[in-house]
$ cat start-v8.txt   # compact mmCIF, C-alpha atoms
# COMPACT_ATOMS: atom_id res chain seq x y z
CA MET A 1 36.80 -16.07 -2.37
CA GLY A 2 33.50 -16.33 -4.26
CA ASP A 3 31.23 -13.43 -5.10
CA ARG A 4 30.20 -12.60 -1.54
CA LEU A 5 31.31 -9.20 -0.30
CA ASP A 6 32.10 -9.01 3.41
CA PRO A 7 31.15 -5.84 5.26
CA ALA A 8 33.86 -3.42 6.17
CA PRO A 9 35.29 -3.81 9.68
CA GLY A 10 33.16 -2.11 12.30
CA LEU A 11 30.02 -2.03 10.14
CA VAL A 12 26.96 -4.18 10.88
CA PHE A 13 24.24 -4.67 8.29
CA ILE A 14 20.76 -5.24 9.76
CA SER A 15 17.91 -6.56 7.68
CA PRO A 16 14.51 -4.80 7.89
CA GLU A 17 13.10 -7.81 9.74
CA ASP A 18 15.90 -7.82 12.34
CA ASP A 19 15.47 -4.09 12.82
CA LEU A 20 11.74 -4.61 13.34
CA LEU A 21 12.27 -7.27 15.98
CA THR A 22 14.77 -5.03 17.73
CA MET A 23 12.11 -2.32 17.82
CA PHE A 24 9.34 -4.60 19.10
CA PRO A 25 10.33 -4.58 22.81
CA ARG A 26 10.15 -0.78 22.74
CA VAL A 27 6.68 -0.90 21.23
CA LEU A 28 5.69 -3.45 23.84
CA PHE A 29 6.98 -1.20 26.61
CA LEU A 30 5.02 1.77 25.26
CA ALA A 31 1.85 -0.33 24.96
CA LEU A 32 2.18 -1.56 28.53
CA LEU A 33 2.79 2.02 29.66
CA PHE A 34 -0.43 3.05 27.94
CA CYS A 35 -2.22 0.26 29.82
CA LEU A 36 -0.93 1.62 33.12
CA MET A 37 -1.98 5.15 32.17
CA LEU A 38 -5.49 4.01 31.32
CA CYS A 39 -5.80 2.23 34.64
CA VAL A 40 -5.25 5.46 36.57
CA MET A 41 -6.79 8.13 34.33
CA PRO A 42 -10.37 9.29 35.14
CA VAL A 43 -11.65 8.72 31.61
CA GLY A 44 -15.28 7.88 32.32
CA ALA A 45 -15.17 4.30 31.10
CA ARG A 46 -18.51 2.50 31.30
CA VAL A 47 -19.65 -1.04 30.60
CA PRO A 48 -22.15 -0.89 27.69
CA LEU A 49 -25.31 -3.02 27.96
CA GLY A 50 -28.61 -3.53 26.14
CA ALA A 51 -31.86 -2.85 27.99
CA GLY A 52 -33.93 -5.74 26.62
CA GLU A 53 -37.67 -6.12 27.28
CA ASN A 54 -38.07 -4.16 30.51
CA THR A 55 -41.54 -2.68 30.10
CA ASN A 56 -42.89 -3.19 33.65
CA LEU A 57 -41.84 -3.72 37.25
CA THR A 58 -41.78 -7.50 36.87
CA THR A 59 -39.36 -7.42 33.92
CA ALA A 60 -37.26 -4.49 35.18
CA PHE A 61 -33.63 -4.64 34.06
CA SER A 62 -31.47 -5.46 37.08
CA ILE A 63 -28.40 -3.28 37.67
CA ASP A 64 -26.44 -5.78 39.75
CA ASP A 65 -23.84 -3.32 41.06
CA PRO A 66 -25.23 0.24 41.36
CA ALA A 67 -21.76 1.60 42.21
CA LYS A 68 -20.14 0.25 39.03
CA THR A 69 -20.33 2.39 35.90
CA TYR A 70 -22.71 0.95 33.33
CA VAL A 71 -24.40 2.53 30.33
CA ILE A 72 -27.59 0.89 29.12
CA TYR A 73 -29.06 1.58 25.68
CA GLY A 74 -32.73 1.33 24.71
CA ILE A 75 -35.60 2.72 22.64
CA LEU A 76 -39.11 3.77 23.67
CA GLU A 77 -41.11 2.98 20.53
CA ASN A 78 -44.32 4.86 21.37
CA ALA A 79 -45.30 7.91 23.42
CA GLY A 80 -46.25 6.81 26.91
CA ASP A 81 -44.02 3.71 26.89
CA ALA A 82 -41.80 3.14 29.90
CA ALA A 83 -38.56 1.25 30.56
CA TYR A 84 -37.94 -0.05 34.09
CA PHE A 85 -34.64 -0.63 35.89
CA ARG A 86 -34.01 -1.88 39.41
CA CYS A 87 -31.15 -2.03 41.87
CA SER A 88 -30.64 -2.95 45.51
CA LEU A 89 -29.25 -0.28 47.82
CA LYS A 90 -28.24 -0.18 51.46
CA ALA A 91 -28.71 2.87 53.62
CA GLY A 92 -25.99 5.37 52.71
CA ASP A 93 -25.30 3.90 49.25
CA ARG A 94 -25.12 6.39 46.41
CA LEU A 95 -27.43 6.25 43.43
CA ASP A 96 -25.78 8.11 40.53
CA LEU A 97 -27.70 8.33 37.25
CA SER A 98 -27.24 10.18 33.98
CA LEU A 99 -29.84 10.09 31.21
CA MET A 100 -28.87 10.76 27.58
CA ASN A 101 -30.64 10.90 24.26
CA ALA A 102 -29.37 10.44 20.69
CA GLY A 103 -28.92 14.09 19.71
CA SER A 104 -29.95 17.71 20.05
CA GLN A 105 -32.88 17.18 17.66
CA SER A 106 -33.99 13.86 19.15
CA PRO A 107 -36.93 13.32 21.54
CA VAL A 108 -36.04 14.08 25.15
CA PRO A 109 -36.84 11.40 27.75
CA ALA A 110 -37.31 11.86 31.49
CA MET A 111 -36.78 9.51 34.41
CA VAL A 112 -38.80 8.67 37.49
CA ILE A 113 -37.04 7.54 40.67
CA LEU A 114 -39.07 5.07 42.75
CA SER A 115 -37.68 4.63 46.26
CA PRO A 116 -38.90 2.75 49.35
CA GLY A 117 -41.03 5.52 50.79
CA THR A 118 -41.34 7.35 54.01
CA THR A 119 -43.97 9.80 52.78
CA GLY A 120 -45.67 8.01 49.89
CA THR A 121 -45.57 11.20 47.79
CA HIS A 122 -45.73 11.14 43.98
CA THR A 123 -44.26 14.28 42.40
CA ASN A 124 -45.63 15.06 38.91
CA VAL A 125 -45.66 11.40 37.95
CA SER A 126 -47.83 10.14 35.09
CA PRO A 127 -50.61 7.80 36.23
CA GLY A 128 -49.35 5.25 33.68
CA ILE A 129 -46.23 4.57 35.73
CA GLU A 130 -46.33 1.48 37.97
CA VAL A 131 -45.49 2.57 41.51
CA PRO A 132 -45.20 -0.17 44.15
CA ALA A 133 -47.23 0.32 47.32
CA GLY A 134 -45.38 2.39 49.90
CA TYR A 135 -42.92 3.88 47.39
CA ASP A 136 -42.07 7.54 46.80
CA ALA A 137 -41.96 8.67 43.17
CA LEU A 138 -39.88 11.61 41.92
CA LEU A 139 -39.93 12.89 38.34
CA VAL A 140 -36.58 14.13 36.98
CA THR A 141 -37.44 16.16 33.88
CA GLY A 142 -35.25 15.95 30.82
CA HIS A 143 -34.03 19.05 28.97
CA ALA A 144 -32.89 19.25 25.36
CA PRO A 145 -29.06 19.25 25.23
CA THR A 146 -27.25 22.20 23.72
CA THR A 147 -23.76 20.63 23.55
CA ALA A 148 -22.26 17.15 23.39
CA ASP A 149 -19.34 15.64 25.28
CA TYR A 150 -16.87 13.25 23.68
CA GLU A 151 -16.94 9.59 24.79
CA PRO A 152 -13.49 8.18 23.94
CA PHE A 153 -14.01 4.43 24.10
CA THR A 154 -16.98 3.98 21.79
CA PRO A 155 -16.27 6.72 20.44
CA ALA A 156 -19.59 8.60 20.50
CA PRO A 157 -21.15 11.96 21.35
CA ILE A 158 -22.83 12.19 24.76
CA TYR A 159 -26.02 14.26 25.00
CA GLU A 160 -27.02 14.43 28.66
CA VAL A 161 -30.63 15.46 29.26
CA ALA A 162 -31.03 14.72 33.00
CA SER A 163 -29.03 13.56 36.01
CA TYR A 164 -29.73 12.39 39.54
CA SER A 165 -27.45 11.74 42.52
CA ALA A 166 -28.48 10.97 46.09
CA GLN A 167 -27.73 8.70 49.01
CA ALA A 168 -30.24 6.02 49.88
CA ARG A 169 -32.00 6.74 53.17
CA THR A 170 -33.92 3.48 53.30
CA PRO A 171 -32.45 0.08 52.34
CA GLY A 172 -34.32 -1.88 49.69
CA ILE A 173 -35.09 -2.14 45.98
CA TYR A 174 -34.98 1.13 44.05
CA TYR A 175 -36.51 1.54 40.57
CA VAL A 176 -35.68 3.93 37.75
CA VAL A 177 -38.29 4.42 35.02
CA ILE A 178 -37.48 6.05 31.68
CA VAL A 179 -40.48 7.73 30.01
CA SER A 180 -41.16 9.95 27.00
CA LYS A 181 -44.07 11.88 25.50
CA GLU A 182 -42.84 11.23 21.94
CA ASN A 183 -42.46 8.24 19.63
CA GLU A 184 -39.12 6.54 18.91
CA THR A 185 -37.19 8.00 21.81
CA TYR A 186 -33.62 6.72 21.88
CA TYR A 187 -32.16 6.83 25.37
CA SER A 188 -29.11 5.67 27.27
CA LEU A 189 -28.95 5.44 31.05
CA ALA A 190 -25.56 5.66 32.77
CA SER A 191 -25.27 4.51 36.36
CA GLY A 192 -22.59 4.26 39.01
CA TYR A 193 -19.36 6.04 39.85
CA LYS A 194 -16.73 3.26 40.09
CA GLU A 195 -15.00 2.88 36.73
CA GLU A 196 -14.07 -0.80 36.54
CA PHE A 197 -14.34 -3.69 34.11
CA SER A 198 -14.15 -7.44 34.56
CA PRO A 199 -11.76 -9.15 32.08
CA SER A 200 -14.68 -10.53 30.05
CA GLU A 201 -16.44 -7.15 29.96
CA TRP A 202 -13.26 -5.45 28.77
CA VAL A 203 -12.58 -7.99 26.01
CA LEU A 204 -16.17 -7.85 24.73
CA VAL A 205 -16.31 -4.04 24.49
CA PRO A 206 -15.66 -4.07 20.68
CA VAL A 207 -18.81 -6.15 20.13
CA SER A 208 -20.83 -3.90 22.44
CA THR A 209 -19.47 -0.87 20.60
CA ILE A 210 -21.00 -2.11 17.33
CA SER A 211 -24.36 -2.32 19.13
CA THR A 212 -23.88 1.25 20.36
CA HIS A 213 -23.33 2.51 16.82
CA LEU A 214 -26.44 0.64 15.69
CA TRP A 215 -28.37 2.33 18.52
CA GLU A 216 -27.14 5.65 17.08
CA ASP A 217 -29.00 4.63 13.90
CA GLN A 218 -25.87 4.03 11.86
CA PRO A 219 -26.33 1.32 9.18
CA LEU A 220 -24.32 -1.83 9.90
CA LEU A 221 -22.62 -1.69 6.50
CA SER A 222 -21.60 1.93 7.11
CA ILE A 223 -20.11 1.00 10.49
CA LEU A 224 -18.10 -1.93 9.13
CA ALA A 225 -17.14 -0.40 5.77
CA PRO A 226 -13.63 0.84 6.84
CA PHE A 227 -12.93 -2.46 8.61
CA LEU A 228 -14.04 -4.63 5.68
CA ALA A 229 -12.30 -2.45 3.09
CA VAL A 230 -8.91 -2.72 4.80
CA VAL A 231 -9.20 -6.47 5.52
CA ILE A 232 -10.46 -7.50 2.08
CA LEU A 233 -8.06 -5.29 0.15
CA GLY A 234 -5.15 -6.39 2.33
CA ILE A 235 -5.89 -10.09 1.86
CA ILE A 236 -6.24 -9.65 -1.92
CA VAL A 237 -2.92 -7.79 -2.21
CA THR A 238 -1.15 -10.37 -0.03
CA ALA A 239 -2.62 -13.31 -1.97
CA ARG A 240 -1.51 -11.85 -5.30
CA ARG A 241 1.96 -11.21 -3.97
CA GLU A 242 2.24 -14.78 -2.69
CA GLN A 243 1.07 -16.18 -6.04
CA ARG A 244 4.14 -14.66 -7.68
CA LYS A 245 6.40 -16.61 -5.34
CA GLU A 246 7.49 -20.17 -5.94
CA ALA A 247 7.35 -21.00 -2.24
CA ARG A 248 3.89 -21.49 -0.76
CA ALA A 249 2.95 -19.69 2.45
CA GLY A 250 1.90 -21.85 5.38
CA LEU A 251 -0.82 -21.73 8.02
CA VAL A 252 1.17 -19.56 10.46
CA PHE A 253 1.74 -16.98 7.73
CA TRP A 254 -1.93 -16.72 6.77
CA LEU A 255 -3.22 -16.66 10.36
CA ALA A 256 -0.80 -13.90 11.35
CA THR A 257 -1.50 -12.01 8.12
CA LEU A 258 -5.23 -12.17 8.79
CA ALA A 259 -4.59 -10.98 12.37
CA GLY A 260 -2.55 -8.03 11.09
CA MET A 261 -5.22 -7.05 8.57
CA LEU A 262 -7.93 -7.31 11.21
CA TYR A 263 -5.89 -5.09 13.53
CA LEU A 264 -5.49 -2.48 10.78
CA GLY A 265 -9.18 -2.76 9.88
CA GLY A 266 -10.24 -2.23 13.48
CA ALA A 267 -7.95 0.80 13.73
CA ALA A 268 -9.51 2.22 10.57
CA LEU A 269 -13.00 1.71 12.02
CA THR A 270 -12.02 3.55 15.21
CA PHE A 271 -10.40 6.43 13.31
CA VAL A 272 -13.51 6.88 11.11
CA GLN A 273 -15.84 6.89 14.13
CA MET A 274 -13.57 9.35 15.93
CA PHE A 275 -13.61 11.78 13.01
CA ARG A 276 -17.39 11.40 12.76
CA VAL A 277 -17.83 12.34 16.43
CA ILE A 278 -15.44 15.29 16.53
CA GLN A 279 -17.48 16.90 13.77
CA VAL A 280 -20.13 17.27 16.50
CA THR A 281 -18.14 17.69 19.71
CA GLY A 282 -14.98 19.33 18.44
CA ILE A 283 -11.55 18.13 19.52
CA GLN A 284 -11.58 17.47 23.26
CA PRO A 285 -8.77 16.08 25.50
CA ALA A 286 -10.43 12.64 25.59
CA VAL A 287 -9.69 12.28 21.86
CA ALA A 288 -6.14 11.32 22.90
CA ILE A 289 -7.49 8.14 24.46
CA THR A 290 -9.22 7.18 21.22
CA LEU A 291 -5.98 7.83 19.32
CA ILE A 292 -4.17 5.41 21.63
CA PHE A 293 -6.80 2.72 21.07
CA ALA A 294 -6.48 3.18 17.31
CA ALA A 295 -2.72 3.70 16.99
CA VAL A 296 -1.56 0.78 19.16
CA PRO A 297 -3.58 -1.84 17.17
CA ALA A 298 -2.31 -0.29 13.92
CA VAL A 299 1.33 -0.60 15.08
CA LEU A 300 0.77 -4.15 16.31
CA GLY A 301 -0.87 -5.08 13.01
CA ILE A 302 2.09 -3.78 11.00
CA ILE A 303 4.52 -5.68 13.24
CA ALA A 304 2.54 -8.91 12.78
CA LEU A 305 2.53 -8.49 8.99
CA ARG A 306 6.28 -7.85 8.87
CA LEU A 307 7.17 -10.56 11.36
CA VAL A 308 5.61 -13.44 9.40
CA ARG A 309 7.46 -12.46 6.24
CA ARG A 310 10.52 -14.02 7.83
CA PRO A 311 11.46 -17.46 6.47
CA VAL A 312 10.21 -20.60 8.19
CA PRO A 313 10.72 -22.21 10.59
CA TYR A 314 9.67 -19.34 12.82
CA SER A 315 11.82 -18.91 15.90
CA ARG A 316 10.65 -19.06 19.48
CA ARG A 317 11.09 -15.31 19.63
CA ASP A 318 8.75 -14.90 16.64
CA ARG A 319 6.08 -17.01 18.32
CA ILE A 320 6.40 -15.21 21.64
CA SER A 321 6.06 -11.94 19.74
CA LEU A 322 2.83 -13.19 18.15
CA LEU A 323 1.51 -14.16 21.59
CA PHE A 324 2.27 -10.66 22.88
CA ILE A 325 0.58 -9.17 19.82
CA GLY A 326 -2.50 -11.28 20.52
CA GLY A 327 -2.57 -10.41 24.22
CA LEU A 328 -2.11 -6.69 23.67
CA GLY A 329 -4.73 -6.87 20.93
CA LEU A 330 -7.29 -8.02 23.50
CA VAL A 331 -6.24 -5.21 25.86
CA PHE A 332 -6.57 -2.55 23.16
CA TRP A 333 -9.70 -4.00 21.48
CA ALA A 334 -7.84 -4.72 18.25
CA GLY A 335 -9.34 -6.66 15.37
CA LEU A 336 -12.83 -7.12 16.87
CA ILE A 337 -11.55 -10.00 19.06
CA ILE A 338 -11.01 -12.23 15.99
CA GLY A 339 -7.64 -10.64 15.24
CA PRO A 340 -6.03 -11.39 18.63
CA VAL A 341 -7.37 -14.94 18.52
CA CYS A 342 -5.78 -15.46 15.09
CA ALA A 343 -2.47 -14.06 16.33
CA MET A 344 -2.36 -16.37 19.34
CA ILE A 345 -3.33 -19.43 17.28
CA ALA A 346 -0.59 -18.52 14.78
CA ALA A 347 1.88 -18.49 17.66
CA LEU A 348 0.91 -22.03 18.68
CA VAL A 349 0.31 -24.03 15.48
CA PRO A 350 3.28 -25.92 14.00
CA ASP A 351 5.17 -24.62 10.98
CA ARG A 352 4.03 -25.82 7.62
CA ILE A 353 7.02 -26.42 5.35
CA ARG A 354 6.90 -24.25 2.29
CA GLY A 355 7.54 -25.62 -1.17
CA ALA A 356 11.08 -25.71 -2.43
CA PRO A 357 12.20 -22.52 -4.19
$ encode --input "start-v8.txt" --output "structure tokens"
Amino acid sequence: MGDRLDPAPGLVFISPEDDLLTMFPRVLFLALLFCLMLCVMPVGARVPLGAGENTNLTTAFSIDDPAKTYVIYGILENAGDAAYFRCSLKAGDRLDLSLMNAGSQSPVPAMVILSPGTTGTHTNVSPGIEVPAGYDALLVTGHAPTTADYEPFTPAPIYEVASYSAQARTPGIYYVVIVSKENETYYSLASGYKEEFSPSEWVLVPVSTISTHLWEDQPLLSILAPFLAVVILGIIVTARREQRKEARAGLVFWLATLAGMLYLGGAALTFVQMFRVIQVTGIQPAVAITLIFAAVPAVLGIIALRLVRRPVPYSRRDRISLLFIGGLGLVFWAGLIIGPVCAMIAALVPDRIRGAP
């Protein structure tokens, strides 16, 4: 008979790993459901961009699709500086603009709308602004914000100081000029009304988000501290645990482990930024969206870490699971892009035979 004890009739013993893999399709279903929800919810998603050197009409930043929602970040270093933007409109097209600053105590910018003119009037516009011949100029004054809205994707507080919305009467090139009477004026200009992303824009949002936090004057080390702490500590703990084993972990194990740690680190970064923002804005309904974009990567990271603890060779199901983890990681901005890439590479590289026990 030997020493092995057979389970009693009717009872099935499931290992933690088998139980985890049984649970994974449910997690996948929930994640895909969240994707569908985000596609239909009016959450105010915008493509973040940097303004660059746009100090005159010639170098004006081009908004290629005025209907698409963009948010462009910049700084006016000195009083009297100006930042120029341009877009092409047809008659009847809408021009929707929202101007924000960095906080209730920050300098307040204003914007000037330059449109192909019918009257040639300039309303309260500083003589330092370049106005093309035959253009109308309208000053939209900024007002210090008293409250902040919650932006769920960055996450960040939104301090709107001015807005403008109108239909174009004359087809042509329209300009928007951001101006300020104070030094070091941080501004962001949101344009458009169609909330849509290209695949590349969506995937690169985590990188753009870091730039947004830097624009908010957060130190880079402070931004990345939760991410680095989780990843470094997790790798150290895993390495020490593996050293105590006689069998040596292979490439798939370490790639998937790194992916899992990166997912958890990215989730920690998002949670910390969320708590930072709600100290200003309070808890608003949009916080639920941030929770989704933090919780799903955290769950995927835990699944990846548990999955690769299974003995090699990894099954086809294991590798398909890693591919799904990588793909969903890109959808939910997990692991600052590096994590999903590691997960998908881990799914594709061959097994490395571990040492004999």
$ closest_residue --input "start-v8.txt" --among "A:Leu204, A:Val287, A:Leu95, A:Leu307" --to "Ile63 in chain A" --atoms "all atoms listed in the file"
A:Leu95
$ closest_atom_pairs --input "start-v8.txt" --of "range 258-299 of chain A" --to "range 334-347 of chain A" --cutoff "8 Å" --atoms "all atoms listed in the file" --output "CSV"
residue,atom,partner,partner_atom,distance
A:Leu258,CA,A:Gly339,CA,7.1
A:Ala259,CA,A:Gly339,CA,4.2
A:Gly260,CA,A:Gly339,CA,7.1
A:Met261,CA,A:Gly339,CA,8.0
A:Leu262,CA,A:Gly335,CA,4.4
A:Tyr263,CA,A:Gly335,CA,4.2
A:Leu264,CA,A:Gly335,CA,7.3
A:Gly265,CA,A:Gly335,CA,6.7
A:Gly266,CA,A:Gly335,CA,4.9
A:Ala267,CA,A:Ala334,CA,7.1
A:Pro297,CA,A:Ala334,CA,5.3
$ residues_around --input "start-v8.txt" --residues "Val140 in chain A" --least-positions-apart "5" --cutoff "8 Å" --atoms "only C-alpha atoms" --output "PyMOL selection string"
chain A and resi 110-113+162-164
$ residues_near_point --input "start-v8.txt" --point "(10.5, -22.4, 12.8)" --cutoff "12 Å" --atoms "only C-alpha atoms" --output "ChimeraX atom specification"
/A:250,252-253,308,310-319,346-354
$ write_last_selection --input "start-v8.txt" --atoms "C-alpha atoms" --output "short mmCIF file (atom, residue, chain, number, x, y, z; two decimals), in the frame of the given file"
data_model
loop_
_atom_site.label_atom_id
_atom_site.label_comp_id
_atom_site.auth_asym_id
_atom_site.auth_seq_id
_atom_site.Cartn_x
_atom_site.Cartn_y
_atom_site.Cartn_z
CA GLY A 250 1.90 -21.85 5.38
CA VAL A 252 1.17 -19.56 10.46
CA PHE A 253 1.74 -16.98 7.73
CA VAL A 308 5.61 -13.44 9.40
CA ARG A 310 10.52 -14.02 7.83
CA PRO A 311 11.46 -17.46 6.47
CA VAL A 312 10.21 -20.60 8.19
CA PRO A 313 10.72 -22.21 10.59
CA TYR A 314 9.67 -19.34 12.82
CA SER A 315 11.82 -18.91 15.90
CA ARG A 316 10.65 -19.06 19.48
CA ARG A 317 11.09 -15.31 19.63
CA ASP A 318 8.75 -14.90 16.64
CA ARG A 319 6.08 -17.01 18.32
CA ALA A 346 -0.59 -18.52 14.78
CA ALA A 347 1.88 -18.49 17.66
CA LEU A 348 0.91 -22.03 18.68
CA VAL A 349 0.31 -24.03 15.48
CA PRO A 350 3.28 -25.92 14.00
CA ASP A 351 5.17 -24.62 10.98
CA ARG A 352 4.03 -25.82 7.62
CA ILE A 353 7.02 -26.42 5.35
CA ARG A 354 6.90 -24.25 2.29
#
$ atom_distance --input "start-v8.txt" --atom1 "CA of Ser88 in chain A" --atom2 "CA of Phe61 in chain A"
12.0 Å
$ residues_around --input "start-v8.txt" --residues "Gly134 in chain A" --least-positions-apart "2" --cutoff "7 Å" --atoms "only C-alpha atoms" --output "number ranges by chain"
A: 116-117, 120, 132, 136
$ atom_distance --input "start-v8.txt" --atom1 "CA of Leu221 in chain A" --atom2 "CA of Asn78 in chain A"
27.1 Å
$ residues_near_point --input "start-v8.txt" --point "(-27.9, 1.2, 21.7)" --cutoff "12 Å" --atoms "all atoms listed in the file" --output "JSON, numbers by chain"
{"A": [48, 49, 50, 51, 52, 71, 72, 73, 74, 75, 76, 100, 101, 102, 154, 156, 185, 186, 187, 188, 189, 207, 208, 209, 210, 211, 212, 213, 214, 215, 216, 217, 218]}
$ residues_around --input "start-v8.txt" --residues "Ile129 in chain A" --least-positions-apart "4" --cutoff "9 Å" --atoms "only C-alpha atoms" --output "PyMOL selection string"
chain A and resi 56+82+112+125+177+179
$ closest_residue --input "start-v8.txt" --among "A:Leu99, A:Leu328, A:Ile232, A:Ile292" --to "Pro145 in chain A" --atoms "all atoms listed in the file"
A:Leu99
$ atom_distance --input "start-v8.txt" --atom1 "CA of Gly80 in chain A" --atom2 "CA of Gly172 in chain A"
27.1 Å
$ closest_residue --input "start-v8.txt" --among "A:Gly329, A:Gly128, A:Gly192, A:Pro206" --to "Val299 in chain A" --atoms "only C-alpha atoms"
A:Gly329
$ closest_residue --input "start-v8.txt" --among "A:Gln279, A:Ser106, A:Thr55, A:Ser165" --to "Ser191 in chain A" --atoms "all atoms listed in the file"
A:Ser165
